[in-house]
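Before any comments, here is the structure.
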Amino acid sequence: MKESRPLEGREGLEVYLRYLGETVPDLALPRVSASKKKEESAGRPGEGDMSTLKSPSGPSGGSFPGGALTGSLPGSLEALAPMVAECRLCALSATRTHAVFGEGNPSAALMFVGEGPGADEDASGRPFVGRAGELLTRMIVAMGYRREDVYIANIVKCRPPGNRVPEEVERAACLPYLRQQIGLIAPKAIVLLGQTAAASLLGRADGISRLRGRETALEAFPGIRVMPTYHPAYLLRNPAAKAQVWADLQQVMGWLGKERG
Ligand code: SF4
C-alpha cells in the first residue's frame, strides 16, 4: 500500500494549482516584501493587521468573552441551527437576510472557519458560496476531500453591512455558537481563514501574515490542531499567496494522515 504522504515541493504545488486553475508561478513566492506585507495588513477589511483590536480576555483566557449564551446552548447541531436562525443577540440581525449557521459533515475531521457571510451567503443561507467559496471548495478538493466531508463555519453568522469587519461586540455575541459547533463536531484540525477568524479564536492581535503557517491550538479545545492561513478572498486578489496557503494546507494534510488519490 502506498505510504500516506501529502504532496510536497514543486510537484505538490503543481497539483494544487491545477485544481485552482492556475499555472505554476515562479516558486520564489513565499518571500513577501515589506511593502507587500503592508498591503496585506491594509487589505480587505478582516484580513489586515488588527492591532487596534482590543486583546480579548474571556474566562477561557483564549478568546473573546463569552456571550450570555455560554453554557446554555443545545447539545446538537440540529437544535443549535434554528436557534441561530432566530438569533437577535447583536445588531447584525437587523440587516441580515439569512443567518448562516454553517454546513458540512457533523463528524468532520477537518473544519474551516472564516470571518462571516458576504452577500451571496446572506442571500443563500450557506457559507462560502461566492467566488471565495468556489476557491475554498477547490482548495478542499486539492487536499483530497469533498466539500461535504469537511465542516465550514464563520465567526459571525450574520452578514455585516457592506462586508465590513464584524465588530468586537458582534463577535463576542456570536462566538459561543461557534464554540458549541466546534465542541459538537470535535474535528481533529481547524483551518482559520484570514485575520478575523485567527484573531477572534486565538485571542491574538498579530497580523495573519505572522500567524499563518504555524500550528497553534485553542485553549478550550487542546486536542484540536489549528492552522491559521490566508482567507480565499485574499487569494483572489493576491494569487501569489496561494503557494503559501498550499504549504499551510499540506501541514494540515500531514496531521490528518491524508493521502491524495
Ligand atoms: S451575528 Fe451571531 S449573535 Fe449576532 S444576531 Fe447573528 S447569530 Fe446572533
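A note on labels: chains of the C-alpha cells are A, B, ... as shown, every chain counts residues from 1, and ligands are counted from 1 in their shown order.
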* **Residue neighbourhood A:Val129, 12 Å, only C-alpha atoms, exclusion window fewer than 3 positions, as a ChimeraX atom specification** => /A:100,102-103,116-126,132-138,147,152-153,232-233
Each residue of chain A with at least one atom at most 10 Å from ligand 1 should appear once, together with its nearest atom pair and the corresponding distance in Å (one decimal); atoms considered: only C-alpha atoms and all ligand atoms; ordering: chain, then increasing residue number; output as a Markdown table.
| residue | atom | partner | partner_atom_place_in_ligand_line | distance |
| --- | --- | --- | --- | --- |
| A:Gly67 | CA | ligand 1 | 3 (S) | 8.4 |
| A:Leu69 | CA | ligand 1 | 3 (S) | 9.5 |
| A:Ala81 | CA | ligand 1 | 7 (S) | 9.6 |
| A:Met83 | CA | ligand 1 | 7 (S) | 8.3 |
| A:Val84 | CA | ligand 1 | 7 (S) | 4.9 |
| A:Ala85 | CA | ligand 1 | 7 (S) | 6.8 |
| A:Glu86 | CA | ligand 1 | 7 (S) | 7.6 |
| A:Cys87 | CA | ligand 1 | 8 (Fe) | 4.3 |
| A:Arg88 | CA | ligand 1 | 5 (S) | 4.3 |
| A:Leu89 | CA | ligand 1 | 8 (Fe) | 4.5 |
| A:Cys90 | CA | ligand 1 | 4 (Fe) | 4.0 |
| A:Ala91 | CA | ligand 1 | 5 (S) | 6.2 |
| A:Leu92 | CA | ligand 1 | 5 (S) | 5.2 |
| A:Ser93 | CA | ligand 1 | 5 (S) | 4.1 |
| A:Ala94 | CA | ligand 1 | 5 (S) | 7.7 |
| A:Thr95 | CA | ligand 1 | 5 (S) | 9.4 |
| A:Arg96 | CA | ligand 1 | 6 (Fe) | 7.9 |
| A:His98 | CA | ligand 1 | 6 (Fe) | 8.9 |
| A:Ala99 | CA | ligand 1 | 6 (Fe) | 6.0 |
| A:Val100 | CA | ligand 1 | 7 (S) | 7.9 |
| A:Phe101 | CA | ligand 1 | 7 (S) | 7.8 |
| A:Gly116 | CA | ligand 1 | 1 (S) | 8.3 |
| A:Pro117 | CA | ligand 1 | 1 (S) | 9.4 |
| A:Asn154 | CA | ligand 1 | 2 (Fe) | 9.6 |
| A:Ile155 | CA | ligand 1 | 2 (Fe) | 8.1 |
| A:Val156 | CA | ligand 1 | 1 (S) | 4.6 |
| A:Lys157 | CA | ligand 1 | 1 (S) | 4.6 |
| A:Cys158 | CA | ligand 1 | 1 (S) | 4.3 |
| A:Arg159 | CA | ligand 1 | 1 (S) | 7.2 |
| A:Pro160 | CA | ligand 1 | 1 (S) | 8.0 |
| A:Pro166 | CA | ligand 1 | 1 (S) | 8.4 |
| A:Glu167 | CA | ligand 1 | 1 (S) | 10.0 |
| A:Val169 | CA | ligand 1 | 4 (Fe) | 8.9 |
| A:Glu170 | CA | ligand 1 | 4 (Fe) | 5.6 |
| A:Arg171 | CA | ligand 1 | 1 (S) | 7.2 |
| A:Ala172 | CA | ligand 1 | 3 (S) | 7.7 |
| A:Ala173 | CA | ligand 1 | 3 (S) | 4.5 |
| A:Cys174 | CA | ligand 1 | 3 (S) | 3.8 |
| A:Leu175 | CA | ligand 1 | 2 (Fe) | 7.4 |
| A:Pro176 | CA | ligand 1 | 3 (S) | 8.6 |
| A:Tyr177 | CA | ligand 1 | 2 (Fe) | 7.5 |
| A:Leu178 | CA | ligand 1 | 2 (Fe) | 9.2 |
* To do: Tell me which of A:Met253, A:His231, A:Phe221, A:Arg237 sits closest to A:Gln181, counting only C-alpha atoms.
  =>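 Under the stated criterion, the closest residue is A:Phe221.
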* To do: Could you tell me which of A:Thr97, A:Asn163, A:Ser76, A:Thr196 comes closest to A:Gly114 if we count only C-alpha atoms?
  =>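 When distances to A:Gly114 are compared using only C-alpha atoms, the smallest one comes from A:Thr196.
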* Determine the nearest neighbour of A:Met139 from the options A:Lys242, A:Arg210, A:Arg179, A:Arg164, counting only C-alpha atoms. =>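 Once distances to A:Met139 are computed over only C-alpha atoms, the minimum belongs to A:Lys242.
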* Asked: Taking the backbone alone, and naming residues the way the document does, which bits of stretch 38-245 of chain A are helix (DSSP H, G or I) by DSSP, as number ranges by chain?
  -> A: 38-41, 77-85, 91-94, 119-124, 131-142, 147-149, 161-163, 168-185, 195-202, 208-211, 232-237, 239-245
* To do: Write down as an MDAnalysis selection string the residues of stretch 140-190 of chain A whose backbone DSSP state falls under strand (DSSP E).
  => chainID A and resid 151:154 189:190
Preceding selection exported with N, CA and C atoms as a short mmCIF file (atom, residue, chain, number, x, y, z; two decimals), in the first residue's frame:
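Resulting contents of again33.cif:
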data_model
loop_
_atom_site.label_atom_id
_atom_site.label_comp_id
_atom_site.auth_asym_id
_atom_site.auth_seq_id
_atom_site.Cartn_x
_atom_site.Cartn_y
_atom_site.Cartn_z
N TYR A 151 -16.36 20.49 7.54
CA TYR A 151 -17.39 21.39 8.07
C TYR A 151 -16.90 22.83 7.90
N ILE A 152 -17.80 23.69 7.45
CA ILE A 152 -17.44 25.09 7.17
C ILE A 152 -18.34 26.01 7.98
N ALA A 153 -17.72 26.93 8.71
CA ALA A 153 -18.50 27.87 9.53
C ALA A 153 -17.77 29.21 9.56
N ASN A 154 -18.38 30.16 10.24
CA ASN A 154 -17.82 31.50 10.34
C ASN A 154 -17.83 32.00 11.78
N ALA A 189 -8.69 18.83 13.23
CA ALA A 189 -7.95 20.02 12.80
C ALA A 189 -8.91 21.12 12.37
N ILE A 190 -8.50 22.35 12.63
CA ILE A 190 -9.27 23.52 12.19
C ILE A 190 -8.34 24.43 11.40
#
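Pairwise distance (atom CA of A:Leu110, atom CA of A:Asn238) equals 24.9 Å.
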